[in-house]
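Q: This is work.cif (mmCIF, C-alpha atoms).
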```cif
data_target
#
loop_
_atom_site.group_PDB
_atom_site.id
_atom_site.type_symbol
_atom_site.label_atom_id
_atom_site.label_comp_id
_atom_site.auth_asym_id
_atom_site.auth_seq_id
_atom_site.Cartn_x
_atom_site.Cartn_y
_atom_site.Cartn_z
ATOM 1 C CA MET A 1 111.335 93.853 116.535
ATOM 2 C CA LYS A 2 109.062 93.987 113.509
ATOM 3 C CA ILE A 3 106.075 96.331 113.918
ATOM 4 C CA GLY A 4 103.063 96.695 111.631
ATOM 5 C CA ILE A 5 100.457 99.420 111.892
ATOM 6 C CA LEU A 6 97.070 99.648 110.220
ATOM 7 C CA SER A 7 95.834 103.216 110.449
ATOM 8 C CA VAL A 8 92.464 104.710 109.531
ATOM 9 C CA ASP A 9 91.184 108.250 109.055
ATOM 10 C CA PRO A 10 87.439 107.464 109.047
ATOM 11 C CA GLY A 11 84.921 109.476 107.070
ATOM 12 C CA LYS A 12 82.798 109.633 103.935
ATOM 13 C CA ALA A 13 86.115 109.219 102.147
ATOM 14 C CA SER A 14 88.409 107.295 104.473
ATOM 15 C CA GLY A 15 92.170 107.192 104.463
ATOM 16 C CA ILE A 16 93.775 103.845 105.233
ATOM 17 C CA ALA A 17 97.493 103.104 105.506
ATOM 18 C CA PHE A 18 99.743 100.201 106.413
ATOM 19 C CA ILE A 19 103.233 100.996 107.699
ATOM 20 C CA THR A 20 105.958 98.635 108.868
ATOM 21 C CA TRP A 21 109.188 99.163 110.761
ATOM 22 C CA ASN A 22 111.950 96.651 111.406
ATOM 23 C CA GLY A 23 112.989 98.101 114.773
ATOM 24 C CA ASP A 24 116.299 99.515 113.545
ATOM 25 C CA HIS A 25 116.478 103.140 114.677
ATOM 26 C CA ASP A 26 118.719 103.980 111.725
ATOM 27 C CA VAL A 27 116.025 102.859 109.287
ATOM 28 C CA ASN A 28 112.818 104.751 108.544
ATOM 29 C CA PRO A 29 109.441 103.011 108.549
ATOM 30 C CA VAL A 30 108.141 101.733 105.226
ATOM 31 C CA LEU A 31 104.809 102.814 103.806
ATOM 32 C CA GLU A 32 103.614 99.461 102.482
ATOM 33 C CA TRP A 33 100.443 100.964 101.044
ATOM 34 C CA SER A 34 97.969 103.775 101.471
ATOM 35 C CA ASP A 35 94.566 104.407 99.981
ATOM 36 C CA GLU A 36 91.539 106.664 100.012
ATOM 37 C CA VAL A 37 88.332 104.699 99.789
ATOM 38 C CA ASP A 38 84.608 105.304 99.831
ATOM 39 C CA ALA A 39 82.131 103.372 101.964
ATOM 40 C CA ASP A 40 81.755 100.650 99.321
ATOM 41 C CA ASP A 41 85.469 99.720 99.437
ATOM 42 C CA TYR A 42 86.210 100.530 103.072
ATOM 43 C CA ALA A 43 85.561 97.138 104.704
ATOM 44 C CA GLU A 44 87.531 95.224 102.083
ATOM 45 C CA ARG A 45 90.570 97.466 102.484
ATOM 46 C CA VAL A 46 90.438 97.274 106.289
ATOM 47 C CA ARG A 47 90.213 93.473 106.022
ATOM 48 C CA ASP A 48 93.322 93.549 103.782
ATOM 49 C CA GLY A 49 95.204 95.433 106.487
ATOM 50 C CA LEU A 50 94.031 93.161 109.296
ATOM 51 C CA LYS A 51 95.030 90.098 107.290
ATOM 52 C CA GLN A 52 98.442 91.595 106.535
ATOM 53 C CA GLY A 53 98.852 92.491 110.210
ATOM 54 C CA ALA A 54 98.313 88.889 111.234
ATOM 55 C CA GLU A 55 101.381 87.819 109.239
ATOM 56 C CA GLY A 56 104.320 87.587 111.609
ATOM 57 C CA PHE A 57 104.709 90.938 113.330
ATOM 58 C CA ASP A 58 106.088 91.128 116.843
ATOM 59 C CA VAL A 59 103.728 94.047 117.394
ATOM 60 C CA PHE A 60 100.673 94.833 115.288
ATOM 61 C CA LEU A 61 98.594 97.907 116.053
ATOM 62 C CA VAL A 62 95.327 99.282 114.751
ATOM 63 C CA VAL A 63 94.897 103.033 115.157
ATOM 64 C CA TYR A 64 92.301 105.521 114.043
ATOM 65 C CA GLU A 65 91.699 109.242 114.199
ATOM 66 C CA ARG A 66 89.395 110.354 116.990
ATOM 67 C CA PHE A 67 86.163 111.884 115.762
ATOM 68 C CA THR A 68 84.263 114.138 118.112
ATOM 69 C CA ILE A 69 80.898 115.671 117.372
ATOM 70 C CA ASN A 70 80.926 119.343 118.286
ATOM 71 C CA GLN A 71 78.962 122.459 117.327
ATOM 72 C CA GLN A 72 80.973 122.882 114.116
ATOM 73 C CA THR A 73 80.264 119.269 113.120
ATOM 74 C CA VAL A 74 76.542 119.807 113.595
ATOM 75 C CA ARG A 75 76.628 122.997 111.514
ATOM 76 C CA ASN A 76 78.558 121.325 108.698
ATOM 77 C CA SER A 77 76.589 118.109 108.341
ATOM 78 C CA GLN A 78 74.342 115.644 110.064
ATOM 79 C CA ALA A 79 76.057 112.777 108.205
ATOM 80 C CA PRO A 80 77.511 110.279 110.683
ATOM 81 C CA TYR A 81 80.084 108.808 108.257
ATOM 82 C CA SER A 82 83.066 108.892 110.583
ATOM 83 C CA LEU A 83 81.226 107.284 113.485
ATOM 84 C CA GLU A 84 79.805 104.608 111.204
ATOM 85 C CA GLN A 85 83.242 103.781 109.803
ATOM 86 C CA ILE A 86 84.696 103.539 113.320
ATOM 87 C CA GLY A 87 81.962 101.028 114.140
ATOM 88 C CA VAL A 88 82.761 99.020 111.009
ATOM 89 C CA LEU A 89 86.473 99.082 111.894
ATOM 90 C CA LYS A 90 85.769 97.764 115.380
ATOM 91 C CA GLN A 91 83.497 95.009 114.079
ATOM 92 C CA LEU A 92 86.101 93.924 111.536
ATOM 93 C CA CYS A 93 88.701 93.844 114.320
ATOM 94 C CA ARG A 94 86.380 91.593 116.358
ATOM 95 C CA GLU A 95 85.884 89.283 113.382
ATOM 96 C CA ALA A 96 89.653 89.094 112.844
ATOM 97 C CA GLY A 97 90.233 88.269 116.516
ATOM 98 C CA TYR A 98 91.992 91.562 117.212
ATOM 99 C CA ASP A 99 91.563 92.690 120.824
ATOM 100 C CA LEU A 100 89.586 95.942 120.852
ATOM 101 C CA GLU A 101 91.406 96.982 124.026
ATOM 102 C CA LYS A 102 94.538 97.322 121.860
ATOM 103 C CA VAL A 103 92.948 99.671 119.306
ATOM 104 C CA LYS A 104 94.523 103.117 119.650
ATOM 105 C CA VAL A 105 92.575 106.348 119.213
ATOM 106 C CA GLN A 106 94.550 109.507 118.451
ATOM 107 C CA ALA A 107 93.710 113.180 118.179
ATOM 108 C CA PRO A 108 94.001 114.731 114.711
ATOM 109 C CA VAL A 109 95.977 117.695 116.035
ATOM 110 C CA ASP A 110 98.668 115.460 117.572
ATOM 111 C CA ALA A 111 99.304 113.649 114.300
ATOM 112 C CA LYS A 112 99.286 116.815 112.176
ATOM 113 C CA ASN A 113 101.579 118.706 114.526
ATOM 114 C CA MET A 114 104.149 115.929 114.733
ATOM 115 C CA PHE A 115 104.062 114.955 111.048
ATOM 116 C CA PRO A 116 103.205 117.924 108.814
ATOM 117 C CA ASN A 117 103.394 117.472 105.037
ATOM 118 C CA PRO A 118 107.141 118.265 104.746
ATOM 119 C CA ALA A 119 107.880 115.545 107.321
ATOM 120 C CA LEU A 120 105.870 112.971 105.367
ATOM 121 C CA LYS A 121 107.815 113.837 102.222
ATOM 122 C CA LYS A 122 111.153 113.681 104.024
ATOM 123 C CA LEU A 123 110.296 110.269 105.458
ATOM 124 C CA GLU A 124 109.205 109.125 101.977
ATOM 125 C CA THR A 125 105.726 108.285 103.207
ATOM 126 C CA TRP A 126 103.851 110.648 100.907
ATOM 127 C CA HIS A 127 100.567 109.555 99.310
ATOM 128 C CA LYS A 128 99.877 111.087 95.900
ATOM 129 C CA GLY A 129 96.331 111.978 94.961
ATOM 130 C CA GLY A 130 93.084 112.075 96.862
ATOM 131 C CA GLU A 131 91.814 114.666 99.306
ATOM 132 C CA GLY A 132 94.396 114.224 102.064
ATOM 133 C CA HIS A 133 92.647 111.462 103.997
ATOM 134 C CA ALA A 134 95.356 108.899 103.181
ATOM 135 C CA LEU A 135 97.954 111.409 104.379
ATOM 136 C CA ASP A 136 96.092 111.723 107.670
ATOM 137 C CA ALA A 137 96.070 107.936 108.041
ATOM 138 C CA ILE A 138 99.839 107.907 107.406
ATOM 139 C CA ARG A 139 100.352 110.605 110.044
ATOM 140 C CA HIS A 140 98.461 108.513 112.593
ATOM 141 C CA ALA A 141 100.469 105.396 111.762
ATOM 142 C CA LEU A 142 103.727 107.312 112.244
ATOM 143 C CA LEU A 143 102.499 108.837 115.506
ATOM 144 C CA ALA A 144 101.543 105.389 116.818
ATOM 145 C CA LEU A 145 104.967 104.112 115.809
ATOM 146 C CA ALA A 146 106.688 106.990 117.596
ATOM 147 C CA ARG A 147 104.656 106.152 120.684
ATOM 148 C CA GLN A 148 105.947 102.569 120.433
ATOM 149 C CA SER A 149 109.658 103.489 120.380
ATOM 150 C CA TRP A 150 110.555 104.726 116.899
ATOM 151 C CA ILE A 151 112.501 107.986 116.880
ATOM 152 C CA PRO A 152 112.153 109.956 113.615
ATOM 153 C CA ARG A 153 115.871 110.723 113.417
ATOM 154 C CA ALA A 154 115.671 111.898 109.823
ATOM 155 C CA LEU A 155 113.470 114.743 111.048
ATOM 156 C CA LEU A 156 115.550 115.520 114.124
ATOM 157 C CA ASN A 157 118.928 115.508 112.395
ATOM 158 C CA ASN A 158 117.871 117.400 109.268
ATOM 159 C CA GLU A 159 118.891 114.385 107.196
ATOM 160 C CA LYS A 160 117.455 113.598 103.808
#
```
As structure tokens, what does this structure read like?
A:
Amino acid sequence: MKIGILSVDPGKASGIAFITWNGDHDVNPVLEWSDEVDADDYAERVRDGLKQGAEGFDVFLVVYERFTINQQTVRNSQAPYSLEQIGVLKQLCREAGYDLEKVKVQAPVDAKNMFPNPALKKLETWHKGGEGHALDAIRHALLALARQSWIPRALLNNEK
């Protein structure tokens, strides 16, 4: 079963990643691409991922990091970048014919706890450069994949 995942960490600088997996539990997922983009390039990169996802996957998922406004958010900034980018993502999904009921929302803490930086390096899904937003998008893609059926054996067995 071939699975593709488009993952987004929305914000002023957004992380976007596309990961595929061929369904073989002895094979790690492949980071096809990852990027950190500003608002000017965000929609184009999301469209790239949606187009790629429409190309012959048995399962194609769109996931993004949950953003919750809390007291700390209000103290830090009034800028609604993350919420705006989530809205853009959903509109682009609509335009691409992707069912919004299938869009997955994940908590940042779940992704970071399951796939800390050493795990990303071990799985060879490390993004070089940027401010860490692409890494967060990669974490969310891997978490969504694990929730589908992938077992990160390389992490469990202390393999390379």
Q: Do you know which residues the PyMOL selection byres ((chain A and resi 16-21) around 6) returns on this file, as a short mmCIF file (atom, residue, chain, number, x, y, z; two decimals) with C-alpha atoms, keeping the file's coordinate frame?
A:
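Output file part.cif is given in full below:
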```cif
data_model
loop_
_atom_site.label_atom_id
_atom_site.label_comp_id
_atom_site.auth_asym_id
_atom_site.auth_seq_id
_atom_site.Cartn_x
_atom_site.Cartn_y
_atom_site.Cartn_z
CA LYS A 2 109.06 93.99 113.51
CA ILE A 3 106.08 96.33 113.92
CA GLY A 4 103.06 96.70 111.63
CA ILE A 5 100.46 99.42 111.89
CA LEU A 6 97.07 99.65 110.22
CA SER A 7 95.83 103.22 110.45
CA VAL A 8 92.46 104.71 109.53
CA GLY A 15 92.17 107.19 104.46
CA ASN A 22 111.95 96.65 111.41
CA GLY A 23 112.99 98.10 114.77
CA PRO A 29 109.44 103.01 108.55
CA VAL A 30 108.14 101.73 105.23
CA LEU A 31 104.81 102.81 103.81
CA GLU A 32 103.61 99.46 102.48
CA TRP A 33 100.44 100.96 101.04
CA SER A 34 97.97 103.78 101.47
CA ASP A 35 94.57 104.41 99.98
CA ALA A 134 95.36 108.90 103.18
CA ALA A 137 96.07 107.94 108.04
CA ILE A 138 99.84 107.91 107.41
#
```
Q: Could you state which residues are captured by the PyMOL selection byres ((chain A and resi 97-108) around 8) in this file, as number ranges by chain?
A: A: 61-66, 90, 93-96, 109-112, 136, 140, 144
Q: When you count only C-alpha atoms, which of these residues is closest to A:Leu135: A:Asp48, A:Ile151, A:Asn117, A:Leu89?
A: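 Going through A:Asp48, A:Ile151, A:Asn117, A:Leu89 one by one, the smallest distance to A:Leu135 is for A:Asn117.
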Q: Work out how far atom CA of A:Val37 is from atom CA of A:Glu131, in Å to one decimal.
A: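 So the two atoms, atom CA of A:Glu131 and atom CA of A:Val37, lie 10.6 Å apart.
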Q: Ranking A:Gln91, A:Thr125, A:Gln52, A:Gln85 by minimum distance to A:Phe67 and counting all atoms listed in the file, which one comes first?
A: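 Answer, going by the shortest atom-to-atom distance: A:Gln85.
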Q: Just so the selection is clear, what residues does the PyMOL selection byres ((chain A and resi 14) around 6) cover here, as a ChimeraX atom specification?
A: /A:9-11,13,15,36-37,133
Q: Expressed in Å to a single decimal, how great is the separation between atom CA of A:Phe115 and atom CA of A:Gly49?
A: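 Atom CA of A:Phe115 sits 21.9 Å away from atom CA of A:Gly49.
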Q: What is the atom CA of A:Ala39-atom CA of A:Phe60 distance in Å, reported with one decimal?
A: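 Interatomic distance here is 24.4 Å.
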Q: Nearest residue to A:Lys122 out of A:Pro152, A:Arg45, A:Gly87, A:His25, using all atoms listed in the file?
A: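 Counting all atoms listed in the file, the residue closest to A:Lys122 is A:Pro152.
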Q: Considering only C-alpha atoms, can you say which of A:Leu142, A:Leu83, A:Met1, A:Ala154 comes closest to A:Met114?
A: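 The shortest atom-to-atom distance to A:Met114 comes from A:Leu142.
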Q: Using all atoms listed in the file, pick whichever of A:Leu145, A:Lys12, A:Asn28, A:Tyr42 has the shortest atom-to-atom distance to A:Val88.
A: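 Smallest separation from A:Val88 among the options: A:Tyr42.
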